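Colleague: Please see the structure below; I have some questions.
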Amino acid sequence: MSKYLNPKVDLTFKKVFGEHPNLVKSLLNALLPLPEGMTIEKVEYLTSENVPENPAKKYSIVDVRCTDNKGRGFIVEMQNYWNKEFFSRTLFNAASMYSKQLAKGNPFEKLKEVYALALVNDEAFDYKGDSGYMQEFYIINKKHTSDIHRDLSLIFIELKKYKPLDRGSRAIKELWLRFLTEINEQTEHVDAVMLENPEISQALEIVERSAYSDGDLYAYEDYLLELMTQHNSVESARSEGRAEGRAEGRAEGAKQRSIEMARKLKLKGTMSDEEIAEITDLTLDEIQKI
């Protein structure tokens, strides 16, 4: 029987980061690209808030919300499968936390920054030439890109793209990323550098199977089964989408070749539009527009 449970599953994720302020504080300080000189010193959990129904919610763990001793807001969530709904959801949650500061009687100039950290166990973004695992979104002046406003900061970390460069590194950022990407039901041995760090060691103790009741383990296995079902559903939809995309690409290529052929035949001037339409399978209207 495995020693550890997967920390990316709802039950374990919330136990690690939703019940231990020192661990979520460490995670935030390690993974958020905070401005120089900024450190989160202390966090306090907020009560869970309801979020609107949306088709993507079953793939997401919602979420850990907290504030620090300076009033800044933080949201942490794990997303197991990515789709376009998640970016909007993350922005909505961050904006909601930001705007609710006014409900407490704060004037606009007293509003504090909100940071949303989304850990994605999937590949979310496909930017050509960029294989990085972290994407940062802020409010930026398009013309003067050095003018960055961090009132709302959305940070997405694609765990599947993370590869440790130095497995001997004791940097807390690397250790948290390794904890999230390497620890699961198949883990038999943990590197000494992870065990030596008190926060990672504490997190490992929290995800030990022996720490959970039979009821907890039943819920955990039930969630894994649901996750597997959703994985098959998502992959099937993606495969169909790729197949449709390839078919559309082939059809578009064939259409462009027909247009090019029609253009050359028209330039020769030896055939009527009707004859060109018969050869190329284009409509008369399409040929007349060439």
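Each chain in the structure tokens gets a letter, A, B and so on, in the order shown; residues start at 1 in every chain, and ligands are counted from 1 in the order they appear.
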Can you tell me which residues surround stretch 123-127 of chain A at a distance of at most 8 Å, considering only C-alpha atoms, apart from same-chain residues fewer than 4 positions away, and format the answer as a ChimeraX atom specification?

Modeller: /A:82-83,131,158-161

Colleague: Hey, what's within 12 Å of A:Pro33 if we count only C-alpha atoms and toss same-chain stuff fewer than 5 positions away? As a list of chain:residue names, please?

Modeller: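 Within the cut-off, the hits are A:Leu27, A:Leu28, A:Met38, A:Thr39, A:Ile40, A:Tyr115, A:Ala116, A:Leu117, A:Met134, A:Gln135, A:Glu136, A:Phe137, A:Tyr138, A:Arg150, A:Ser153, A:Leu154, A:Ile155, A:Phe156, A:Ile157, A:Lys173.
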
Colleague: Can you tell me, as a list in words, what residues are no more than 10 Å from A:Val16 when counting only C-alpha atoms, ignoring any on the same chain fewer than 5 positions away?

Modeller: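 Close residues of A:Val16: Pro7, Lys8, Leu11, Pro21, Asn22, Leu23, Val24, Gln202, Ala203, Leu204, Glu205, Ile206 and Val207 of chain A.
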
Colleague: For the residues selected in the previous step, produce a file with C-alpha atoms as a short mmCIF file (atom, residue, chain, number, x, y, z; two decimals), in the first residue's frame.

Modeller:
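Written out: result36.cif:
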```cif
data_model
loop_
_atom_site.label_atom_id
_atom_site.label_comp_id
_atom_site.auth_asym_id
_atom_site.auth_seq_id
_atom_site.Cartn_x
_atom_site.Cartn_y
_atom_site.Cartn_z
CA PRO A 7 -1.42 16.53 -2.82
CA LYS A 8 -3.20 17.74 -5.97
CA LEU A 11 -9.00 16.38 0.12
CA PRO A 21 -1.37 29.15 7.48
CA ASN A 22 2.40 28.71 7.67
CA LEU A 23 2.35 26.39 4.65
CA VAL A 24 0.16 28.54 2.40
CA GLN A 202 5.31 19.00 7.45
CA ALA A 203 3.39 18.91 4.15
CA LEU A 204 4.62 15.35 3.52
CA GLU A 205 3.36 14.27 6.93
CA ILE A 206 -0.05 15.74 6.13
CA VAL A 207 -0.38 13.69 2.92
#
```

Colleague: Give me the residues within 12 Å of A:Met194 as a PyMOL selection string, counting only C-alpha atoms and dropping any in the same chain fewer than 3 places off.

Modeller: chain A and resi 167-180+182-183+189-191+197-205

Colleague: With distances taken over only C-alpha atoms, which residue among A:Tyr81, A:Tyr4, A:Tyr223, A:Phe74 lies nearest A:Ala95?

Modeller: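 Between A:Tyr81, A:Tyr4, A:Tyr223, A:Phe74, the residue approaching A:Ala95 most closely is A:Phe74.
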
Colleague: Just list the residues in stretch 18-266 of chain A DSSP gives helix (DSSP H, G or I) on the backbone, as a compact mmCIF listing (two decimals) with N, CA and C atoms, in the first residue's frame.

Modeller:
```txt
# COMPACT_ATOMS: atom_id res chain seq x y z
N PRO A 21 -1.77 27.83 7.98
CA PRO A 21 -1.37 29.15 7.48
C PRO A 21 0.11 29.27 7.17
N ASN A 22 0.96 28.61 7.93
CA ASN A 22 2.40 28.71 7.67
C ASN A 22 2.77 28.10 6.33
N LEU A 23 2.02 27.06 5.91
CA LEU A 23 2.35 26.39 4.65
C LEU A 23 1.85 27.19 3.44
N VAL A 24 0.63 27.74 3.53
CA VAL A 24 0.16 28.54 2.40
C VAL A 24 0.97 29.83 2.29
N LYS A 25 1.39 30.39 3.43
CA LYS A 25 2.26 31.57 3.40
C LYS A 25 3.59 31.24 2.71
N SER A 26 4.16 30.09 3.04
CA SER A 26 5.41 29.68 2.42
C SER A 26 5.24 29.48 0.92
N LEU A 27 4.13 28.83 0.53
CA LEU A 27 3.86 28.58 -0.89
C LEU A 27 3.73 29.90 -1.65
N LEU A 28 2.98 30.84 -1.10
CA LEU A 28 2.77 32.12 -1.77
C LEU A 28 4.08 32.90 -1.91
N ASN A 29 4.86 32.96 -0.84
CA ASN A 29 6.14 33.66 -0.91
C ASN A 29 7.08 33.01 -1.92
N ALA A 30 6.98 31.70 -2.06
CA ALA A 30 7.89 30.98 -2.95
C ALA A 30 7.49 31.10 -4.42
N LEU A 31 6.19 31.01 -4.71
CA LEU A 31 5.75 30.90 -6.10
C LEU A 31 5.28 32.20 -6.73
N LYS A 57 -16.38 23.68 -13.22
CA LYS A 57 -16.11 23.63 -11.80
C LYS A 57 -15.66 22.24 -11.33
N LYS A 58 -16.11 21.18 -11.98
CA LYS A 58 -15.77 19.84 -11.53
C LYS A 58 -14.28 19.53 -11.71
N TYR A 59 -13.59 20.31 -12.53
CA TYR A 59 -12.17 20.05 -12.73
C TYR A 59 -11.31 20.87 -11.76
N GLU A 85 -12.75 28.40 -19.72
CA GLU A 85 -13.55 28.92 -18.62
C GLU A 85 -12.67 29.35 -17.44
N PHE A 86 -11.51 28.69 -17.27
CA PHE A 86 -10.74 28.88 -16.05
C PHE A 86 -10.11 30.26 -15.95
N PHE A 87 -9.68 30.81 -17.08
CA PHE A 87 -9.09 32.15 -17.01
C PHE A 87 -10.14 33.14 -16.52
N SER A 88 -11.35 33.06 -17.09
CA SER A 88 -12.42 33.96 -16.68
C SER A 88 -12.79 33.73 -15.22
N ARG A 89 -12.81 32.49 -14.82
CA ARG A 89 -13.13 32.16 -13.43
C ARG A 89 -12.11 32.75 -12.47
N THR A 90 -10.82 32.60 -12.81
CA THR A 90 -9.76 33.13 -11.95
C THR A 90 -9.85 34.64 -11.85
N LEU A 91 -10.08 35.29 -12.98
CA LEU A 91 -10.23 36.75 -12.99
C LEU A 91 -11.45 37.17 -12.18
N PHE A 92 -12.55 36.45 -12.34
CA PHE A 92 -13.78 36.78 -11.59
C PHE A 92 -13.54 36.68 -10.09
N ASN A 93 -12.91 35.59 -9.65
CA ASN A 93 -12.67 35.41 -8.22
C ASN A 93 -11.77 36.50 -7.66
N ALA A 94 -10.72 36.85 -8.41
CA ALA A 94 -9.81 37.90 -7.95
C ALA A 94 -10.51 39.25 -7.90
N ALA A 95 -11.29 39.55 -8.94
CA ALA A 95 -12.01 40.82 -8.99
C ALA A 95 -13.06 40.91 -7.90
N SER A 96 -13.70 39.77 -7.58
CA SER A 96 -14.69 39.76 -6.51
C SER A 96 -14.05 40.06 -5.17
N MET A 97 -12.89 39.44 -4.92
CA MET A 97 -12.19 39.71 -3.67
C MET A 97 -11.76 41.16 -3.59
N TYR A 98 -11.33 41.71 -4.71
CA TYR A 98 -10.89 43.11 -4.74
C TYR A 98 -12.06 44.06 -4.46
N SER A 99 -13.19 43.83 -5.14
CA SER A 99 -14.32 44.75 -5.01
C SER A 99 -14.99 44.65 -3.65
N LEU A 102 -14.66 47.23 -0.72
CA LEU A 102 -15.50 48.41 -0.60
C LEU A 102 -16.69 48.17 0.33
N ALA A 103 -17.14 46.90 0.38
CA ALA A 103 -18.26 46.58 1.26
C ALA A 103 -17.90 46.76 2.73
N LYS A 104 -16.62 46.76 3.01
CA LYS A 104 -16.16 46.96 4.39
C LYS A 104 -15.97 48.44 4.71
N PHE A 108 -11.69 54.07 -2.18
CA PHE A 108 -10.92 53.52 -3.29
C PHE A 108 -9.41 53.55 -3.04
N GLU A 109 -8.93 54.62 -2.44
CA GLU A 109 -7.48 54.74 -2.25
C GLU A 109 -6.93 53.75 -1.22
N LYS A 110 -7.85 53.11 -0.48
CA LYS A 110 -7.41 52.15 0.53
C LYS A 110 -7.47 50.69 0.03
N LEU A 159 1.96 22.91 -14.04
CA LEU A 159 2.82 21.95 -13.36
C LEU A 159 3.42 20.92 -14.32
N LYS A 160 2.71 20.59 -15.39
CA LYS A 160 3.22 19.59 -16.33
C LYS A 160 4.44 20.10 -17.10
N LYS A 161 4.62 21.41 -17.16
CA LYS A 161 5.76 21.97 -17.87
C LYS A 161 6.97 22.15 -16.96
N ILE A 172 13.27 27.05 -1.74
CA ILE A 172 11.92 26.67 -1.36
C ILE A 172 10.97 26.64 -2.56
N LYS A 173 11.20 27.50 -3.55
CA LYS A 173 10.37 27.48 -4.76
C LYS A 173 10.48 26.13 -5.44
N GLU A 174 11.70 25.65 -5.61
CA GLU A 174 11.92 24.36 -6.27
C GLU A 174 11.32 23.22 -5.45
N LEU A 175 11.44 23.30 -4.14
CA LEU A 175 10.95 22.23 -3.27
C LEU A 175 9.42 22.15 -3.31
N TRP A 176 8.73 23.29 -3.33
CA TRP A 176 7.27 23.25 -3.41
C TRP A 176 6.82 22.70 -4.76
N LEU A 177 7.49 23.10 -5.83
CA LEU A 177 7.13 22.60 -7.15
C LEU A 177 7.38 21.10 -7.25
N ARG A 178 8.45 20.63 -6.66
CA ARG A 178 8.72 19.19 -6.66
C ARG A 178 7.68 18.45 -5.80
N PHE A 179 7.30 19.03 -4.68
CA PHE A 179 6.26 18.43 -3.84
C PHE A 179 4.97 18.24 -4.64
N LEU A 180 4.59 19.26 -5.39
CA LEU A 180 3.34 19.21 -6.15
C LEU A 180 3.41 18.31 -7.38
N THR A 181 4.58 18.15 -7.95
CA THR A 181 4.69 17.38 -9.19
C THR A 181 5.19 15.94 -8.98
N GLU A 182 5.86 15.67 -7.87
CA GLU A 182 6.47 14.35 -7.69
C GLU A 182 5.76 13.46 -6.69
N ALA A 192 16.22 13.50 0.26
CA ALA A 192 16.60 14.05 1.56
C ALA A 192 16.44 15.57 1.59
N VAL A 193 16.72 16.25 0.47
CA VAL A 193 16.62 17.71 0.47
C VAL A 193 15.19 18.17 0.74
N MET A 194 14.20 17.36 0.38
CA MET A 194 12.82 17.71 0.67
C MET A 194 12.49 17.45 2.13
N LEU A 195 12.97 16.34 2.65
CA LEU A 195 12.71 15.99 4.04
C LEU A 195 13.41 16.94 5.01
N GLU A 196 14.53 17.52 4.58
CA GLU A 196 15.29 18.43 5.45
C GLU A 196 14.59 19.76 5.65
N PRO A 198 11.75 22.04 6.81
CA PRO A 198 10.67 21.82 7.79
C PRO A 198 9.26 21.98 7.22
N GLU A 199 9.07 22.91 6.28
CA GLU A 199 7.73 23.11 5.72
C GLU A 199 7.34 21.99 4.77
N ILE A 200 8.27 21.57 3.93
CA ILE A 200 7.99 20.45 3.02
C ILE A 200 7.80 19.16 3.82
N SER A 201 8.62 18.98 4.84
CA SER A 201 8.48 17.80 5.70
C SER A 201 7.11 17.77 6.37
N GLN A 202 6.64 18.93 6.83
CA GLN A 202 5.31 19.00 7.45
C GLN A 202 4.23 18.66 6.42
N ALA A 203 4.37 19.20 5.20
CA ALA A 203 3.39 18.91 4.15
C ALA A 203 3.38 17.41 3.82
N LEU A 204 4.54 16.79 3.80
CA LEU A 204 4.62 15.35 3.52
C LEU A 204 3.91 14.54 4.61
N GLU A 205 4.05 14.96 5.85
CA GLU A 205 3.36 14.27 6.93
C GLU A 205 1.84 14.38 6.77
N ILE A 206 1.39 15.53 6.28
CA ILE A 206 -0.05 15.74 6.13
C ILE A 206 -0.64 14.84 5.05
N ARG A 209 -0.77 8.58 3.98
CA ARG A 209 -2.03 7.82 3.99
C ARG A 209 -2.48 7.49 5.41
N SER A 210 -1.54 7.20 6.28
CA SER A 210 -1.88 6.78 7.64
C SER A 210 -2.58 7.88 8.44
N ALA A 211 -2.52 9.12 7.95
CA ALA A 211 -3.14 10.24 8.67
C ALA A 211 -4.63 10.38 8.37
N ASP A 214 -10.77 5.92 7.35
CA ASP A 214 -11.32 5.12 6.25
C ASP A 214 -12.31 5.93 5.43
N GLY A 215 -13.08 6.79 6.09
CA GLY A 215 -14.04 7.64 5.38
C GLY A 215 -13.34 8.63 4.46
N ASP A 216 -12.24 9.21 4.97
CA ASP A 216 -11.47 10.13 4.15
C ASP A 216 -10.92 9.42 2.92
N LEU A 217 -10.39 8.23 3.13
CA LEU A 217 -9.79 7.48 2.02
C LEU A 217 -10.83 7.07 1.00
N TYR A 218 -12.04 6.76 1.47
CA TYR A 218 -13.12 6.43 0.54
C TYR A 218 -13.44 7.65 -0.33
N ALA A 219 -13.53 8.82 0.31
CA ALA A 219 -13.81 10.06 -0.44
C ALA A 219 -12.67 10.36 -1.42
N TYR A 220 -11.45 10.10 -0.98
CA TYR A 220 -10.28 10.34 -1.83
C TYR A 220 -10.33 9.44 -3.07
N GLU A 221 -10.59 8.14 -2.88
CA GLU A 221 -10.65 7.21 -4.01
C GLU A 221 -11.82 7.55 -4.93
N ASP A 222 -12.94 8.00 -4.34
CA ASP A 222 -14.10 8.38 -5.14
C ASP A 222 -13.76 9.57 -6.02
N TYR A 223 -13.00 10.53 -5.46
CA TYR A 223 -12.59 11.71 -6.24
C TYR A 223 -11.65 11.29 -7.36
N LEU A 224 -10.72 10.37 -7.08
CA LEU A 224 -9.80 9.90 -8.13
C LEU A 224 -10.56 9.24 -9.27
N LEU A 225 -11.60 8.47 -8.91
CA LEU A 225 -12.40 7.81 -9.95
C LEU A 225 -13.11 8.85 -10.80
N GLU A 226 -13.66 9.87 -10.15
CA GLU A 226 -14.31 10.96 -10.89
C GLU A 226 -13.31 11.68 -11.77
N LEU A 227 -12.10 11.88 -11.24
CA LEU A 227 -11.05 12.58 -11.99
C LEU A 227 -10.66 11.77 -13.23
N MET A 228 -10.58 10.45 -13.07
CA MET A 228 -10.24 9.59 -14.21
C MET A 228 -11.32 9.66 -15.28
N THR A 229 -12.57 9.68 -14.84
CA THR A 229 -13.69 9.78 -15.78
C THR A 229 -13.62 11.10 -16.53
N GLN A 230 -13.36 12.18 -15.80
CA GLN A 230 -13.26 13.48 -16.43
C GLN A 230 -12.06 13.56 -17.38
N HIS A 231 -10.96 12.90 -16.98
CA HIS A 231 -9.77 12.88 -17.84
C HIS A 231 -10.11 12.25 -19.18
N ASN A 232 -10.80 11.11 -19.15
CA ASN A 232 -11.16 10.43 -20.39
C ASN A 232 -12.08 11.30 -21.24
N SER A 233 -13.02 11.99 -20.56
CA SER A 233 -13.94 12.86 -21.27
C SER A 233 -13.22 14.03 -21.93
N VAL A 234 -12.30 14.66 -21.17
CA VAL A 234 -11.56 15.81 -21.69
C VAL A 234 -10.66 15.40 -22.85
N GLU A 235 -9.94 14.29 -22.70
CA GLU A 235 -9.04 13.83 -23.76
C GLU A 235 -9.80 13.45 -25.01
N SER A 236 -10.98 12.84 -24.83
CA SER A 236 -11.80 12.48 -25.98
C SER A 236 -12.24 13.73 -26.73
N ALA A 237 -12.67 14.75 -25.99
CA ALA A 237 -13.09 16.01 -26.61
C ALA A 237 -11.93 16.68 -27.33
N ARG A 238 -10.75 16.64 -26.71
CA ARG A 238 -9.58 17.26 -27.33
C ARG A 238 -9.19 16.53 -28.60
N SER A 239 -9.28 15.19 -28.59
CA SER A 239 -8.93 14.41 -29.78
C SER A 239 -9.88 14.72 -30.92
N GLU A 240 -11.17 14.83 -30.58
CA GLU A 240 -12.16 15.16 -31.61
C GLU A 240 -11.89 16.56 -32.16
N GLY A 241 -11.51 17.47 -31.26
CA GLY A 241 -11.20 18.83 -31.70
C GLY A 241 -10.00 18.88 -32.62
N ARG A 242 -8.97 18.08 -32.28
CA ARG A 242 -7.78 18.05 -33.13
C ARG A 242 -8.11 17.46 -34.49
N ALA A 243 -8.95 16.40 -34.50
CA ALA A 243 -9.32 15.77 -35.77
C ALA A 243 -10.11 16.74 -36.63
N GLU A 244 -11.05 17.46 -35.98
CA GLU A 244 -11.83 18.45 -36.73
C GLU A 244 -10.93 19.56 -37.25
N GLY A 245 -9.96 19.95 -36.45
CA GLY A 245 -9.05 21.01 -36.87
C GLY A 245 -8.22 20.59 -38.07
N ARG A 246 -7.76 19.33 -38.06
CA ARG A 246 -6.97 18.83 -39.20
C ARG A 246 -7.84 18.77 -40.46
N ALA A 247 -9.09 18.32 -40.29
CA ALA A 247 -9.99 18.24 -41.44
C ALA A 247 -10.27 19.63 -42.00
N GLU A 248 -10.51 20.59 -41.10
CA GLU A 248 -10.74 21.96 -41.54
C GLU A 248 -9.52 22.53 -42.25
N GLY A 249 -8.34 22.18 -41.74
CA GLY A 249 -7.11 22.66 -42.35
C GLY A 249 -6.92 22.10 -43.75
N ARG A 250 -7.23 20.82 -43.90
CA ARG A 250 -7.11 20.20 -45.23
C ARG A 250 -8.10 20.83 -46.21
N ALA A 251 -9.34 21.06 -45.73
CA ALA A 251 -10.35 21.66 -46.60
C ALA A 251 -9.95 23.07 -47.00
N GLU A 252 -9.40 23.82 -46.06
CA GLU A 252 -8.98 25.19 -46.36
C GLU A 252 -7.83 25.19 -47.36
N GLY A 253 -6.89 24.23 -47.20
CA GLY A 253 -5.78 24.12 -48.14
C GLY A 253 -6.25 23.80 -49.55
N ALA A 254 -7.21 22.88 -49.63
CA ALA A 254 -7.75 22.51 -50.95
C ALA A 254 -8.46 23.70 -51.59
N LYS A 255 -9.17 24.47 -50.78
CA LYS A 255 -9.87 25.65 -51.29
C LYS A 255 -8.88 26.68 -51.84
N GLN A 256 -7.80 26.90 -51.12
CA GLN A 256 -6.80 27.87 -51.56
C GLN A 256 -6.14 27.43 -52.87
N ARG A 257 -5.92 26.11 -53.01
CA ARG A 257 -5.32 25.60 -54.25
C ARG A 257 -6.28 25.80 -55.42
N SER A 258 -7.59 25.61 -55.18
CA SER A 258 -8.59 25.83 -56.24
C SER A 258 -8.63 27.30 -56.64
N ILE A 259 -8.54 28.18 -55.66
CA ILE A 259 -8.55 29.62 -55.96
C ILE A 259 -7.32 30.01 -56.77
N GLU A 260 -6.17 29.45 -56.43
CA GLU A 260 -4.94 29.75 -57.15
C GLU A 260 -5.02 29.25 -58.60
N MET A 261 -5.59 28.06 -58.75
CA MET A 261 -5.74 27.51 -60.10
C MET A 261 -6.68 28.38 -60.92
N ALA A 262 -7.80 28.80 -60.31
CA ALA A 262 -8.76 29.65 -61.01
C ALA A 262 -8.12 30.98 -61.41
N ARG A 263 -7.30 31.53 -60.54
CA ARG A 263 -6.62 32.79 -60.83
C ARG A 263 -5.72 32.65 -62.06
N LYS A 264 -4.98 31.56 -62.15
CA LYS A 264 -4.09 31.33 -63.30
C LYS A 264 -4.87 31.12 -64.59
N LEU A 265 -6.00 30.38 -64.49
CA LEU A 265 -6.81 30.14 -65.69
C LEU A 265 -7.44 31.44 -66.20
N LYS A 266 -7.85 32.30 -65.27
CA LYS A 266 -8.44 33.58 -65.67
C LYS A 266 -7.39 34.46 -66.35
```

Colleague: If DSSP is run on the backbone, what residues of stretch 118-284 of chain A are strand (DSSP E or B)? A reply as an NGL selection string would be ideal.

Modeller: :A and (118-120 or 134-140 or 148-158 or 208)

Colleague: Kindly export the residues of the current selection with N, CA and C atoms, as an mmCIF file, in the first residue's frame.

Modeller:
```cif
data_model
loop_
_atom_site.group_PDB
_atom_site.id
_atom_site.type_symbol
_atom_site.label_atom_id
_atom_site.label_comp_id
_atom_site.auth_asym_id
_atom_site.auth_seq_id
_atom_site.Cartn_x
_atom_site.Cartn_y
_atom_site.Cartn_z
ATOM 1 N N ALA A 118 -2.994 30.221 -9.579
ATOM 2 C CA ALA A 118 -3.679 29.052 -10.126
ATOM 3 C C ALA A 118 -2.642 27.999 -10.492
ATOM 4 N N LEU A 119 -2.682 26.874 -9.804
ATOM 5 C CA LEU A 119 -1.796 25.750 -10.090
ATOM 6 C C LEU A 119 -2.539 24.813 -11.029
ATOM 7 N N VAL A 120 -2.017 24.655 -12.234
ATOM 8 C CA VAL A 120 -2.732 23.926 -13.284
ATOM 9 C C VAL A 120 -2.008 22.612 -13.572
ATOM 10 N N MET A 134 5.373 29.287 -16.025
ATOM 11 C CA MET A 134 4.647 30.340 -15.326
ATOM 12 C C MET A 134 4.225 31.443 -16.289
ATOM 13 N N GLN A 135 2.956 31.832 -16.193
ATOM 14 C CA GLN A 135 2.443 32.958 -16.975
ATOM 15 C C GLN A 135 1.859 33.984 -16.008
ATOM 16 N N GLU A 136 2.211 35.265 -16.206
ATOM 17 C CA GLU A 136 1.799 36.339 -15.311
ATOM 18 C C GLU A 136 0.919 37.332 -16.061
ATOM 19 N N PHE A 137 -0.199 37.694 -15.463
ATOM 20 C CA PHE A 137 -1.121 38.654 -16.051
ATOM 21 C C PHE A 137 -1.362 39.795 -15.071
ATOM 22 N N TYR A 138 -1.106 41.016 -15.548
ATOM 23 C CA TYR A 138 -1.328 42.215 -14.750
ATOM 24 C C TYR A 138 -2.095 43.217 -15.615
ATOM 25 N N ILE A 139 -2.387 44.363 -15.052
ATOM 26 C CA ILE A 139 -2.942 45.472 -15.831
ATOM 27 C C ILE A 139 -1.753 46.297 -16.321
ATOM 28 N N ILE A 140 -1.547 46.311 -17.642
ATOM 29 C CA ILE A 140 -0.360 46.940 -18.218
ATOM 30 C C ILE A 140 -0.769 47.939 -19.302
ATOM 31 N N ILE A 148 3.074 49.114 -15.022
ATOM 32 C CA ILE A 148 2.378 47.898 -14.605
ATOM 33 C C ILE A 148 1.603 48.160 -13.315
ATOM 34 N N HIS A 149 0.328 47.783 -13.322
ATOM 35 C CA HIS A 149 -0.499 47.919 -12.124
ATOM 36 C C HIS A 149 -0.792 46.518 -11.584
ATOM 37 N N ARG A 150 -0.465 46.286 -10.328
ATOM 38 C CA ARG A 150 -0.626 44.969 -9.729
ATOM 39 C C ARG A 150 -1.858 44.899 -8.827
ATOM 40 N N ASP A 151 -2.840 45.757 -9.087
ATOM 41 C CA ASP A 151 -4.064 45.696 -8.285
ATOM 42 C C ASP A 151 -4.675 44.295 -8.356
ATOM 43 N N LEU A 152 -4.690 43.722 -9.562
ATOM 44 C CA LEU A 152 -5.104 42.337 -9.769
ATOM 45 C C LEU A 152 -3.954 41.611 -10.465
ATOM 46 N N SER A 153 -3.436 40.586 -9.836
ATOM 47 C CA SER A 153 -2.346 39.790 -10.419
ATOM 48 C C SER A 153 -2.820 38.351 -10.556
ATOM 49 N N LEU A 154 -2.795 37.842 -11.769
ATOM 50 C CA LEU A 154 -3.181 36.456 -12.030
ATOM 51 C C LEU A 154 -1.935 35.675 -12.427
ATOM 52 N N ILE A 155 -1.580 34.693 -11.635
ATOM 53 C CA ILE A 155 -0.373 33.903 -11.875
ATOM 54 C C ILE A 155 -0.774 32.456 -12.121
ATOM 55 N N PHE A 156 -0.446 31.949 -13.309
ATOM 56 C CA PHE A 156 -0.765 30.565 -13.658
ATOM 57 C C PHE A 156 0.523 29.755 -13.734
ATOM 58 N N ILE A 157 0.563 28.646 -13.017
ATOM 59 C CA ILE A 157 1.716 27.749 -13.053
ATOM 60 C C ILE A 157 1.268 26.413 -13.637
ATOM 61 N N GLU A 158 1.833 26.074 -14.790
ATOM 62 C CA GLU A 158 1.507 24.822 -15.470
ATOM 63 C C GLU A 158 2.462 23.735 -14.957
ATOM 64 N N GLU A 208 0.471 11.824 4.258
ATOM 65 C CA GLU A 208 0.701 10.397 4.512
ATOM 66 C C GLU A 208 -0.642 9.688 4.648
#
```
